[in-house]
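Undergrad: My structure is stored as my_file19.pdb, with PDB, C-alpha atoms, pLDDT in the B column.
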ATOM      1  CA  MET U   1      49.898-116.495 -71.986  1.00 59.00           C
ATOM      2  CA  SER U   2      46.945-114.567 -73.365  1.00 57.00           C
ATOM      3  CA  LYS U   3      48.944-111.357 -73.119  1.00 61.00           C
ATOM      4  CA  ILE U   4      51.786-112.927 -75.097  1.00 63.00           C
ATOM      5  CA  LEU U   5      49.389-114.127 -77.786  1.00 64.00           C
ATOM      6  CA  GLY U   6      47.600-110.796 -77.778  1.00 60.00           C
ATOM      7  CA  GLU U   7      44.285-112.411 -76.932  1.00 67.00           C
ATOM      8  CA  GLU U   8      42.106-111.815 -73.930  1.00 72.00           C
ATOM      9  CA  LYS U   9      40.373-115.000 -72.850  1.00 77.00           C
ATOM     10  CA  GLN U  10      39.074-113.886 -69.460  1.00 79.00           C
ATOM     11  CA  GLU U  11      35.526-113.296 -70.719  1.00 81.00           C
ATOM     12  CA  ASP U  12      35.438-116.735 -72.375  1.00 83.00           C
ATOM     13  CA  ILE U  13      36.748-118.374 -69.207  1.00 83.00           C
ATOM     14  CA  LYS U  14      34.079-116.627 -67.111  1.00 78.00           C
ATOM     15  CA  GLN U  15      31.397-117.746 -69.549  1.00 80.00           C
ATOM     16  CA  ILE U  16      32.579-121.387 -69.436  1.00 84.00           C
ATOM     17  CA  GLU U  17      32.812-121.275 -65.636  1.00 77.00           C
ATOM     18  CA  LYS U  18      29.244-119.962 -65.512  1.00 75.00           C
ATOM     19  CA  GLN U  19      28.036-122.773 -67.785  1.00 78.00           C
ATOM     20  CA  ILE U  20      29.799-125.440 -65.678  1.00 78.00           C
ATOM     21  CA  PHE U  21      28.370-123.966 -62.498  1.00 74.00           C
ATOM     22  CA  GLU U  22      24.829-123.864 -63.921  1.00 73.00           C
ATOM     23  CA  ARG U  23      25.024-127.536 -64.871  1.00 75.00           C
ATOM     24  CA  ALA U  24      26.327-128.642 -61.471  1.00 76.00           C
ATOM     25  CA  GLU U  25      23.551-129.877 -59.239  1.00 80.00           C
ATOM     26  CA  ILE U  26      23.442-128.547 -55.679  1.00 84.00           C
ATOM     27  CA  LYS U  27      23.355-131.532 -53.340  1.00 84.00           C
ATOM     28  CA  SER U  28      21.284-131.556 -50.201  1.00 86.00           C
ATOM     29  CA  PHE U  29      22.868-133.006 -47.064  1.00 86.00           C
ATOM     30  CA  HIS U  30      19.964-132.228 -44.801  1.00 84.00           C
ATOM     31  CA  GLY U  31      16.794-134.163 -44.025  1.00 83.00           C
ATOM     32  CA  ASN U  32      15.373-137.563 -44.922  1.00 83.00           C
ATOM     33  CA  ASN U  33      16.168-137.276 -48.597  1.00 84.00           C
ATOM     34  CA  SER U  34      19.756-136.125 -48.202  1.00 89.00           C
ATOM     35  CA  LEU U  35      22.606-137.600 -50.187  1.00 90.00           C
ATOM     36  CA  GLU U  36      24.146-139.100 -47.051  1.00 91.00           C
ATOM     37  CA  VAL U  37      20.915-140.898 -46.146  1.00 93.00           C
ATOM     38  CA  LYS U  38      20.599-142.161 -49.739  1.00 93.00           C
ATOM     39  CA  LEU U  39      24.153-143.534 -49.603  1.00 93.00           C
ATOM     40  CA  ILE U  40      23.522-145.356 -46.328  1.00 94.00           C
ATOM     41  CA  LYS U  41      20.181-146.747 -47.541  1.00 94.00           C
ATOM     42  CA  SER U  42      21.579-147.968 -50.847  1.00 94.00           C
ATOM     43  CA  PHE U  43      24.423-149.747 -49.027  1.00 95.00           C
ATOM     44  CA  GLU U  44      21.967-151.451 -46.675  1.00 95.00           C
ATOM     45  CA  GLU U  45      19.766-152.441 -49.632  1.00 95.00           C
ATOM     46  CA  THR U  46      22.794-153.887 -51.422  1.00 94.00           C
ATOM     47  CA  CYS U  47      23.661-155.909 -48.288  1.00 95.00           C
ATOM     48  CA  VAL U  48      20.101-157.288 -48.077  1.00 95.00           C
ATOM     49  CA  TYR U  49      20.227-158.188 -51.784  1.00 93.00           C
ATOM     50  CA  LEU U  50      23.586-159.953 -51.358  1.00 94.00           C
ATOM     51  CA  SER U  51      22.543-161.830 -48.220  1.00 93.00           C
ATOM     52  CA  ARG U  52      20.106-163.834 -50.394  1.00 90.00           C
ATOM     53  CA  TYR U  53      23.088-165.260 -52.278  1.00 90.00           C
ATOM     54  CA  LEU U  54      25.681-165.602 -49.512  1.00 90.00           C
ATOM     55  CA  SER U  55      26.041-167.782 -46.454  1.00 90.00           C
ATOM     56  CA  ARG U  56      28.144-165.064 -44.803  1.00 90.00           C
ATOM     57  CA  ASN U  57      27.108-161.645 -43.597  1.00 94.00           C
ATOM     58  CA  PRO U  58      27.920-159.264 -46.513  1.00 94.00           C
ATOM     59  CA  LYS U  59      29.166-156.689 -44.004  1.00 95.00           C
ATOM     60  CA  GLU U  60      32.009-159.022 -43.030  1.00 94.00           C
ATOM     61  CA  LEU U  61      33.417-159.096 -46.564  1.00 94.00           C
ATOM     62  CA  THR U  62      36.358-157.163 -47.902  1.00 93.00           C
ATOM     63  CA  VAL U  63      35.798-154.554 -50.622  1.00 91.00           C
ATOM     64  CA  LEU U  64      36.969-156.946 -53.327  1.00 90.00           C
ATOM     65  CA  GLU U  65      34.823-159.835 -52.068  1.00 92.00           C
ATOM     66  CA  PHE U  66      31.796-157.556 -51.789  1.00 93.00           C
ATOM     67  CA  TYR U  67      31.979-156.261 -55.349  1.00 91.00           C
ATOM     68  CA  GLN U  68      32.798-159.692 -56.767  1.00 91.00           C
ATOM     69  CA  ALA U  69      29.810-161.174 -54.913  1.00 92.00           C
ATOM     70  CA  LEU U  70      27.606-158.374 -56.223  1.00 92.00           C
ATOM     71  CA  GLU U  71      28.797-159.033 -59.748  1.00 90.00           C
ATOM     72  CA  VAL U  72      28.040-162.767 -59.479  1.00 91.00           C
ATOM     73  CA  ALA U  73      24.635-162.096 -57.882  1.00 91.00           C
ATOM     74  CA  ILE U  74      23.620-159.715 -60.666  1.00 90.00           C
ATOM     75  CA  GLU U  75      24.767-162.246 -63.299  1.00 89.00           C
ATOM     76  CA  GLN U  76      22.751-164.994 -61.592  1.00 88.00           C
ATOM     77  CA  ASP U  77      19.706-162.768 -61.500  1.00 87.00           C
ATOM     78  CA  LYS U  78      20.054-161.971 -65.186  1.00 87.00           C
ATOM     79  CA  LYS U  79      20.359-165.661 -66.108  1.00 86.00           C
ATOM     80  CA  GLN U  80      17.361-166.597 -63.971  1.00 83.00           C
ATOM     81  CA  ARG U  81      15.291-163.917 -65.632  1.00 81.00           C
ATOM     82  CA  ASN U  82      16.293-165.197 -69.076  1.00 78.00           C
ATOM     83  CA  GLY U  83      15.131-168.706 -68.127  1.00 64.00           C
ATOM     84  CA  LYS U  84      18.657-170.144 -68.203  1.00 59.00           C
ATOM     85  CA  SER U  85      19.953-172.656 -65.679  1.00 53.00           C
ATOM     86  CA  TYR U  86      21.182-171.565 -62.277  1.00 50.00           C
ATOM     87  CA  PRO U  87      25.009-171.619 -62.565  1.00 51.00           C
ATOM     88  CA  PHE U  88      26.174-172.324 -59.004  1.00 47.00           C
ATOM     89  CA  LYS U  89      23.762-174.922 -57.657  1.00 43.00           C
TER      90      LYS U  89
ATOM     91  CA  MET W   1      48.950-152.702 -45.715  1.00 85.00           C
ATOM     92  CA  LYS W   2      50.954-149.505 -45.767  1.00 86.00           C
ATOM     93  CA  LYS W   3      52.881-148.083 -42.829  1.00 87.00           C
ATOM     94  CA  VAL W   4      52.889-144.352 -42.123  1.00 86.00           C
ATOM     95  CA  ARG W   5      55.532-143.257 -39.625  1.00 86.00           C
ATOM     96  CA  TYR W   6      55.427-140.023 -37.674  1.00 83.00           C
ATOM     97  CA  LYS W   7      57.369-138.873 -34.605  1.00 84.00           C
ATOM     98  CA  GLY W   8      58.197-142.355 -33.306  1.00 84.00           C
ATOM     99  CA  ASN W   9      54.695-143.743 -33.947  1.00 87.00           C
ATOM    100  CA  TYR W  10      53.314-145.679 -36.863  1.00 88.00           C
ATOM    101  CA  LEU W  11      49.950-146.288 -38.456  1.00 91.00           C
ATOM    102  CA  GLU W  12      48.954-149.283 -40.517  1.00 93.00           C
ATOM    103  CA  ILE W  13      46.716-148.128 -43.341  1.00 93.00           C
ATOM    104  CA  TYR W  14      44.558-150.180 -45.692  1.00 92.00           C
ATOM    105  CA  ASP W  15      45.817-149.790 -49.221  1.00 87.00           C
ATOM    106  CA  SER W  16      44.327-152.816 -50.931  1.00 85.00           C
ATOM    107  CA  ILE W  17      40.751-153.761 -51.749  1.00 86.00           C
ATOM    108  CA  GLY W  18      41.617-157.348 -50.841  1.00 87.00           C
ATOM    109  CA  GLU W  19      42.236-156.356 -47.205  1.00 90.00           C
ATOM    110  CA  MET W  20      39.917-153.446 -46.512  1.00 92.00           C
ATOM    111  CA  PRO W  21      36.541-154.361 -44.938  1.00 94.00           C
ATOM    112  CA  ILE W  22      33.517-153.130 -46.902  1.00 95.00           C
ATOM    113  CA  THR W  23      32.064-151.376 -43.842  1.00 95.00           C
ATOM    114  CA  ARG W  24      35.230-149.290 -43.542  1.00 95.00           C
ATOM    115  CA  PHE W  25      35.060-148.450 -47.236  1.00 93.00           C
ATOM    116  CA  GLN W  26      31.413-147.451 -46.859  1.00 94.00           C
ATOM    117  CA  ALA W  27      32.275-145.166 -43.924  1.00 94.00           C
ATOM    118  CA  TYR W  28      35.175-143.708 -45.917  1.00 93.00           C
ATOM    119  CA  ASN W  29      32.827-142.971 -48.845  1.00 92.00           C
ATOM    120  CA  ARG W  30      30.318-141.343 -46.539  1.00 93.00           C
ATOM    121  CA  PHE W  31      32.854-138.897 -45.109  1.00 94.00           C
ATOM    122  CA  CYS W  32      34.285-138.170 -48.570  1.00 92.00           C
ATOM    123  CA  LEU W  33      30.775-137.320 -49.746  1.00 92.00           C
ATOM    124  CA  ILE W  34      30.264-134.940 -46.822  1.00 93.00           C
ATOM    125  CA  ASP W  35      33.691-133.405 -47.370  1.00 92.00           C
ATOM    126  CA  SER W  36      33.031-132.758 -51.057  1.00 89.00           C
ATOM    127  CA  GLY W  37      29.553-131.263 -50.503  1.00 90.00           C
ATOM    128  CA  ILE W  38      29.960-129.414 -47.236  1.00 91.00           C
ATOM    129  CA  GLY W  39      33.654-129.242 -46.348  1.00 87.00           C
ATOM    130  CA  GLY W  40      35.027-128.918 -42.872  1.00 83.00           C
ATOM    131  CA  GLY W  41      37.364-125.956 -42.990  1.00 84.00           C
ATOM    132  CA  LEU W  42      37.403-122.213 -43.621  1.00 86.00           C
ATOM    133  CA  GLU W  43      38.166-122.735 -47.319  1.00 85.00           C
ATOM    134  CA  GLY W  44      34.679-124.229 -47.656  1.00 87.00           C
ATOM    135  CA  VAL W  45      33.054-121.047 -46.317  1.00 92.00           C
ATOM    136  CA  GLN W  46      34.199-118.933 -49.264  1.00 91.00           C
ATOM    137  CA  LYS W  47      33.166-121.689 -51.679  1.00 89.00           C
ATOM    138  CA  HIS W  48      29.625-121.719 -50.265  1.00 93.00           C
ATOM    139  CA  ILE W  49      29.335-117.913 -50.257  1.00 93.00           C
ATOM    140  CA  ASP W  50      30.432-117.748 -53.912  1.00 90.00           C
ATOM    141  CA  ALA W  51      27.969-120.477 -54.833  1.00 90.00           C
ATOM    142  CA  ILE W  52      25.090-118.727 -53.029  1.00 92.00           C
ATOM    143  CA  LYS W  53      25.905-115.418 -54.765  1.00 92.00           C
ATOM    144  CA  ARG W  54      25.931-117.080 -58.180  1.00 88.00           C
ATOM    145  CA  LEU W  55      22.732-119.033 -57.557  1.00 89.00           C
ATOM    146  CA  MET W  56      20.909-115.927 -56.343  1.00 90.00           C
ATOM    147  CA  SER W  57      22.059-113.886 -59.337  1.00 88.00           C
ATOM    148  CA  SER W  58      20.906-116.595 -61.756  1.00 84.00           C
ATOM    149  CA  GLY W  59      17.488-116.803 -60.077  1.00 86.00           C
ATOM    150  CA  LYS W  60      17.939-120.335 -58.656  1.00 87.00           C
ATOM    151  CA  HIS W  61      16.506-119.551 -55.267  1.00 90.00           C
ATOM    152  CA  GLU W  62      15.683-123.144 -54.333  1.00 90.00           C
ATOM    153  CA  ASP W  63      19.263-124.255 -54.975  1.00 89.00           C
ATOM    154  CA  ALA W  64      20.526-121.191 -53.109  1.00 92.00           C
ATOM    155  CA  ALA W  65      18.476-122.271 -50.085  1.00 92.00           C
ATOM    156  CA  LYS W  66      20.035-125.777 -50.273  1.00 91.00           C
ATOM    157  CA  GLU W  67      23.498-124.251 -50.483  1.00 92.00           C
ATOM    158  CA  LEU W  68      22.707-122.023 -47.512  1.00 93.00           C
ATOM    159  CA  VAL W  69      21.908-125.113 -45.428  1.00 93.00           C
ATOM    160  CA  ASN W  70      25.217-126.682 -46.538  1.00 93.00           C
ATOM    161  CA  TYR W  71      26.994-123.440 -45.569  1.00 94.00           C
ATOM    162  CA  HIS W  72      25.321-123.579 -42.164  1.00 94.00           C
ATOM    163  CA  GLN W  73      26.502-127.181 -41.709  1.00 93.00           C
ATOM    164  CA  ASN W  74      30.019-126.141 -42.714  1.00 94.00           C
ATOM    165  CA  LEU W  75      30.001-123.486 -39.975  1.00 95.00           C
ATOM    166  CA  ILE W  76      28.790-126.052 -37.430  1.00 93.00           C
ATOM    167  CA  PHE W  77      31.705-128.337 -38.387  1.00 92.00           C
ATOM    168  CA  ILE W  78      34.146-125.462 -37.850  1.00 93.00           C
ATOM    169  CA  ILE W  79      32.653-124.567 -34.465  1.00 93.00           C
ATOM    170  CA  GLU W  80      32.605-128.213 -33.346  1.00 89.00           C
ATOM    171  CA  LYS W  81      36.109-128.734 -34.759  1.00 87.00           C
ATOM    172  CA  SER W  82      34.857-131.689 -36.808  1.00 89.00           C
ATOM    173  CA  ASN W  83      36.490-132.334 -40.121  1.00 91.00           C
ATOM    174  CA  PRO W  84      35.057-134.902 -42.566  1.00 93.00           C
ATOM    175  CA  GLU W  85      38.406-135.133 -44.362  1.00 92.00           C
ATOM    176  CA  LEU W  86      40.124-136.271 -41.164  1.00 93.00           C
ATOM    177  CA  MET W  87      37.211-138.594 -40.420  1.00 94.00           C
ATOM    178  CA  SER W  88      37.614-140.240 -43.821  1.00 94.00           C
ATOM    179  CA  PHE W  89      41.302-140.750 -42.998  1.00 94.00           C
ATOM    180  CA  ILE W  90      40.444-142.493 -39.711  1.00 95.00           C
ATOM    181  CA  CYS W  91      38.386-145.024 -41.730  1.00 95.00           C
ATOM    182  CA  LEU W  92      41.575-146.111 -43.507  1.00 94.00           C
ATOM    183  CA  ILE W  93      43.527-146.872 -40.313  1.00 94.00           C
ATOM    184  CA  LYS W  94      43.843-150.518 -39.356  1.00 94.00           C
ATOM    185  CA  SER W  95      46.078-150.074 -36.328  1.00 93.00           C
ATOM    186  CA  ILE W  96      48.020-147.467 -34.358  1.00 92.00           C
ATOM    187  CA  ASN W  97      51.406-148.648 -33.062  1.00 90.00           C
ATOM    188  CA  GLY W  98      50.326-152.264 -33.641  1.00 90.00           C
ATOM    189  CA  LYS W  99      47.044-151.918 -31.750  1.00 91.00           C
ATOM    190  CA  ASP W 100      43.959-152.535 -33.907  1.00 92.00           C
ATOM    191  CA  LEU W 101      41.378-149.772 -34.028  1.00 91.00           C
ATOM    192  CA  PRO W 102      38.001-150.923 -32.594  1.00 89.00           C
ATOM    193  CA  GLU W 103      34.744-150.691 -34.555  1.00 88.00           C
ATOM    194  CA  LEU W 104      34.319-147.112 -35.690  1.00 90.00           C
ATOM    195  CA  THR W 105      31.767-145.051 -33.796  1.00 91.00           C
ATOM    196  CA  ALA W 106      31.511-141.260 -33.664  1.00 90.00           C
ATOM    197  CA  ASP W 107      33.247-141.284 -30.252  1.00 91.00           C
ATOM    198  CA  ILE W 108      36.093-143.531 -31.400  1.00 93.00           C
ATOM    199  CA  ILE W 109      36.665-141.384 -34.494  1.00 93.00           C
ATOM    200  CA  GLU W 110      36.756-138.181 -32.453  1.00 91.00           C
ATOM    201  CA  LYS W 111      39.050-139.702 -29.829  1.00 92.00           C
ATOM    202  CA  THR W 112      41.424-141.076 -32.471  1.00 92.00           C
ATOM    203  CA  ILE W 113      41.648-137.698 -34.245  1.00 92.00           C
ATOM    204  CA  LYS W 114      42.555-136.041 -30.943  1.00 91.00           C
ATOM    205  CA  GLU W 115      45.166-138.697 -30.110  1.00 90.00           C
ATOM    206  CA  LEU W 116      46.806-138.498 -33.529  1.00 91.00           C
ATOM    207  CA  GLY W 117      46.918-134.699 -33.274  1.00 89.00           C
ATOM    208  CA  LYS W 118      48.543-134.922 -29.839  1.00 89.00           C
ATOM    209  CA  ASP W 119      51.094-137.435 -31.140  1.00 87.00           C
ATOM    210  CA  GLY W 120      52.089-134.990 -33.872  1.00 85.00           C
ATOM    211  CA  LEU W 121      50.524-136.381 -37.042  1.00 87.00           C
ATOM    212  CA  THR W 122      50.451-133.554 -39.592  1.00 87.00           C
ATOM    213  CA  ILE W 123      47.723-132.704 -42.116  1.00 87.00           C
ATOM    214  CA  GLY W 124      50.351-133.131 -44.857  1.00 89.00           C
ATOM    215  CA  LYS W 125      50.826-136.791 -43.934  1.00 87.00           C
ATOM    216  CA  VAL W 126      47.038-137.262 -43.771  1.00 90.00           C
ATOM    217  CA  ARG W 127      46.476-135.720 -47.219  1.00 90.00           C
ATOM    218  CA  GLY W 128      49.371-137.709 -48.677  1.00 90.00           C
ATOM    219  CA  ALA W 129      47.901-140.965 -47.390  1.00 89.00           C
ATOM    220  CA  LEU W 130      44.404-140.044 -48.611  1.00 91.00           C
ATOM    221  CA  ASN W 131      45.723-139.216 -52.092  1.00 90.00           C
ATOM    222  CA  ASP W 132      47.685-142.484 -52.273  1.00 89.00           C
ATOM    223  CA  PHE W 133      44.578-144.405 -51.237  1.00 89.00           C
ATOM    224  CA  LYS W 134      42.403-142.675 -53.827  1.00 87.00           C
ATOM    225  CA  LYS W 135      44.910-143.387 -56.589  1.00 86.00           C
ATOM    226  CA  LYS W 136      45.589-146.998 -55.722  1.00 83.00           C
ATOM    227  CA  VAL W 137      42.364-148.417 -54.324  1.00 79.00           C
ATOM    228  CA  ILE W 138      39.765-146.581 -56.366  1.00 71.00           C
ATOM    229  CA  LEU W 139      41.579-147.346 -59.618  1.00 72.00           C
ATOM    230  CA  SER W 140      41.983-151.026 -58.769  1.00 72.00           C
ATOM    231  CA  LEU W 141      38.305-151.177 -57.866  1.00 71.00           C
ATOM    232  CA  LYS W 142      37.303-149.626 -61.174  1.00 67.00           C
ATOM    233  CA  PHE W 143      39.300-152.179 -63.122  1.00 62.00           C
ATOM    234  CA  SER W 144      38.523-155.222 -61.000  1.00 58.00           C
ATOM    235  CA  SER W 145      34.759-155.004 -60.954  1.00 53.00           C
ATOM    236  CA  GLN W 146      32.382-154.606 -63.821  1.00 51.00           C
ATOM    237  CA  ASN W 147      29.624-154.127 -61.305  1.00 49.00           C
ATOM    238  CA  PHE W 148      31.221-151.004 -60.015  1.00 51.00           C
ATOM    239  CA  ARG W 149      30.510-149.399 -63.370  1.00 51.00           C
ATOM    240  CA  ILE W 150      26.991-150.810 -63.575  1.00 43.00           C
ATOM    241  CA  VAL W 151      26.130-149.562 -60.122  1.00 45.00           C
ATOM    242  CA  GLN W 152      27.667-146.200 -60.893  1.00 46.00           C
ATOM    243  CA  LYS W 153      25.458-145.848 -63.975  1.00 47.00           C
ATOM    244  CA  GLN W 154      22.382-146.557 -61.874  1.00 46.00           C
ATOM    245  CA  LYS W 155      23.587-143.913 -59.410  1.00 44.00           C
ATOM    246  CA  SER W 156      22.266-146.020 -56.565  1.00 45.00           C
ATOM    247  CA  PHE W 157      25.586-146.615 -54.881  1.00 44.00           C
ATOM    248  CA  SER W 158      28.675-144.893 -56.070  1.00 42.00           C
ATOM    249  CA  PRO W 159      32.014-145.361 -54.400  1.00 44.00           C
ATOM    250  CA  ILE W 160      33.881-142.153 -55.079  1.00 38.00           C
TER     251      ILE W 160
END
Represent the structure of the file as structure tokens.
TA:
Amino acid sequence: MSKILGEEKQEDIKQIEKQIFERAEIKSFHGNNSLEVKLIKSFEETCVYLSRYLSRNPKELTVLEFYQALEVAIEQDKKQRNGKSYPFK
Amino acid sequence: MKKVRYKGNYLEIYDSIGEMPITRFQAYNRFCLIDSGIGGGLEGVQKHIDAIKRLMSSGKHEDAAKELVNYHQNLIFIIEKSNPELMSFICLIKSINGKDLPELTADIIEKTIKELGKDGLTIGKVRGALNDFKKKVILSLKFSSQNFRIVQKQKSFSPI
């Protein structure tokens, strides 16, 4: 296309690619602070948080139930912090 | 539930957030994360080498060292014939020929990959099913839950 238009965009493309690459963060998948460990820990933390609000084990929920429960739990937390009444007593 | 047929066999695959257990989704996310950062095939090797070259030339030696470790892990996957993409696919399977898959452990995943390969399941079918899942389930999750967006912003837990 650039040849048809008489323009050479290769240098611009290289420059943009370089900029994108420089902004991209290199993720570590090794050691205690790896991304995989963080993912597992955050899931476990979310389960502990949810278990305070549920009578069931959060790990037995479906994806939809899990995220809906999380949404309700966060809303309840917000309302409690604002001094409003507890909605599902 | 979606059925994938291949050479006289069939797989039942989760394709709805109302049916898929959260633990399966978590395992799926974990393998997707590994696949995107490390990769499991030869195509990943060139990607890592290019990244290391660029990082070294731009003076980011710390990042280059991180990428080198990822490259090393990629090579280990190739030698061990482990593939995170295939592992993420196993997380989506509910049953094989009507028989439910047991709780997923490393051994079960490895055994299932071998069995499916023996039975003639192709990588094309696997990638097709993974793409369909990404399109359908991830989109429905984005629209169904406000929390998903909140949690994503906090970057504490981000389903891909």
Undergrad: Residues near Lys2 (chain W), anyone? I mean within 12 Å using all atoms listed in the file, not counting same-chain ones fewer than 2 positions away, as a list in words.
TA: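 Surrounding residues, per the criterion: Val4, Arg5, Tyr10, Leu11, Glu12, Ile13, Tyr14, Asp15, Ser16, Glu19, Met20, Leu92, Ile93, Lys94, Ser95, Ile96, Ala129, Leu130, Asp132, Phe133 and Lys136 of chain W.
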Undergrad: As a list in words, please: the residues near Leu54 (chain U) (cut-off 12 Å, only C-alpha atoms, same-chain neighbours under 5 positions excluded).
TA: Cys47, Val48, Tyr49, Lys59, Glu60, Leu61, Glu65, Phe66, Gln68, Ala69, Leu70, Val72, Ala73 and Phe88 of chain U
Undergrad: I need the residue nearest chain W from this list: U:Thr46, U:Gln76, U:Gln10, U:Asn33. Use all atoms listed in the file for the distance.
TA: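 The closest residue to chain W is U:Thr46.
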Undergrad: Please report, as JSON lines, each residue of chain U lying at most 9 Å from chain W, together with the nearest pair of atoms and the separation in Å rounded to one decimal; use only C-alpha atoms, and order rows by chain and ascending residue number.
TA:
{"residue": "U:Lys18", "atom": "CA", "partner": "W:Arg54", "partner_atom": "CA", "distance": 8.5}
{"residue": "U:Phe21", "atom": "CA", "partner": "W:Ala51", "partner_atom": "CA", "distance": 8.4}
{"residue": "U:Glu22", "atom": "CA", "partner": "W:Leu55", "partner_atom": "CA", "distance": 8.3}
{"residue": "U:Glu25", "atom": "CA", "partner": "W:Asp63", "partner_atom": "CA", "distance": 8.3}
{"residue": "U:Ile26", "atom": "CA", "partner": "W:Asp63", "partner_atom": "CA", "distance": 6.0}
{"residue": "U:Lys27", "atom": "CA", "partner": "W:Gly37", "partner_atom": "CA", "distance": 6.8}
{"residue": "U:Ser28", "atom": "CA", "partner": "W:Lys66", "partner_atom": "CA", "distance": 5.9}
{"residue": "U:Phe29", "atom": "CA", "partner": "W:Asn70", "partner_atom": "CA", "distance": 6.8}
{"residue": "U:His30", "atom": "CA", "partner": "W:Val69", "partner_atom": "CA", "distance": 7.4}
{"residue": "U:Leu35", "atom": "CA", "partner": "W:Leu33", "partner_atom": "CA", "distance": 8.2}
{"residue": "U:Glu36", "atom": "CA", "partner": "W:Arg30", "partner_atom": "CA", "distance": 6.6}
{"residue": "U:Lys38", "atom": "CA", "partner": "W:Ser156", "partner_atom": "CA", "distance": 8.0}
{"residue": "U:Leu39", "atom": "CA", "partner": "W:Phe157", "partner_atom": "CA", "distance": 6.3}
{"residue": "U:Ile40", "atom": "CA", "partner": "W:Arg30", "partner_atom": "CA", "distance": 7.9}
{"residue": "U:Ser42", "atom": "CA", "partner": "W:Phe157", "partner_atom": "CA", "distance": 5.8}
{"residue": "U:Phe43", "atom": "CA", "partner": "W:Phe157", "partner_atom": "CA", "distance": 6.7}
{"residue": "U:Thr46", "atom": "CA", "partner": "W:Phe157", "partner_atom": "CA", "distance": 8.5}
{"residue": "U:Pro58", "atom": "CA", "partner": "W:Ile22", "partner_atom": "CA", "distance": 8.3}
{"residue": "U:Lys59", "atom": "CA", "partner": "W:Thr23", "partner_atom": "CA", "distance": 6.1}
{"residue": "U:Glu60", "atom": "CA", "partner": "W:Pro21", "partner_atom": "CA", "distance": 6.8}
{"residue": "U:Leu61", "atom": "CA", "partner": "W:Pro21", "partner_atom": "CA", "distance": 5.9}
{"residue": "U:Thr62", "atom": "CA", "partner": "W:Pro21", "partner_atom": "CA", "distance": 4.1}
{"residue": "U:Val63", "atom": "CA", "partner": "W:Ile22", "partner_atom": "CA", "distance": 4.6}
{"residue": "U:Leu64", "atom": "CA", "partner": "W:Ile17", "partner_atom": "CA", "distance": 5.2}
{"residue": "U:Glu65", "atom": "CA", "partner": "W:Gly18", "partner_atom": "CA", "distance": 7.3}
{"residue": "U:Phe66", "atom": "CA", "partner": "W:Ile22", "partner_atom": "CA", "distance": 6.8}
{"residue": "U:Tyr67", "atom": "CA", "partner": "W:Ser145", "partner_atom": "CA", "distance": 6.4}
{"residue": "U:Gln68", "atom": "CA", "partner": "W:Ser145", "partner_atom": "CA", "distance": 6.6}
{"residue": "U:Leu70", "atom": "CA", "partner": "W:Asn147", "partner_atom": "CA", "distance": 6.9}
{"residue": "U:Glu71", "atom": "CA", "partner": "W:Asn147", "partner_atom": "CA", "distance": 5.2}
{"residue": "U:Val72", "atom": "CA", "partner": "W:Asn147", "partner_atom": "CA", "distance": 9.0}
{"residue": "U:Ile74", "atom": "CA", "partner": "W:Asn147", "partner_atom": "CA", "distance": 8.2}
Undergrad: Evaluate the PyMOL selection byres ((chain W and resi 85) around 9) against this structure - the residues, as a list in words, please.
TA: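 What the PyMOL selection byres ((chain W and resi 85) around 9) grabs from the file is Phe31, Cys32, Ile34, Asp35, Ser36, Gly39, Gly40, Asn83, Pro84, Leu86, Met87, Ser88, Phe89, Ile90, Val126, Arg127 and Leu130 of chain W.
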Undergrad: Just the number, please: distance in Å from CA of His61 (chain W) to CA of Lys47 (chain W), one decimal.
TA: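 Calculated distance between CA of His61 (chain W) and CA of Lys47 (chain W) is 17.2 Å.
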Undergrad: Would you place a box with edges along x, y and z of the file around all atoms of region 71-83 of chain U listed there, add 4 Å to each of its six sides, and report the centre and edge lengths in Å to one decimal, as JSON?
TA:
{"center_x": 22.0, "center_y": -163.9, "center_z": -63.5, "size_x": 21.7, "size_y": 17.7, "size_z": 19.2}
Undergrad: Counting only C-alpha atoms, what is within 9 Å of Asp119 (chain W), bar same-chain residues fewer than 2 positions away, as a PyMOL selection string?
TA: chain W and resi 6-9+114-117+121
Undergrad: How many Å separate CA of Asn57 (chain U) from CA of Lys3 (chain W)?
TA: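 CA of Lys3 (chain W) lies 29.1 Å from CA of Asn57 (chain U).
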Undergrad: In Å to one decimal, how far is CA of Gly41 (chain W) from CA of Gly124 (chain W)?
TA: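 Between CA of Gly124 (chain W) and CA of Gly41 (chain W) the gap is 15.0 Å.
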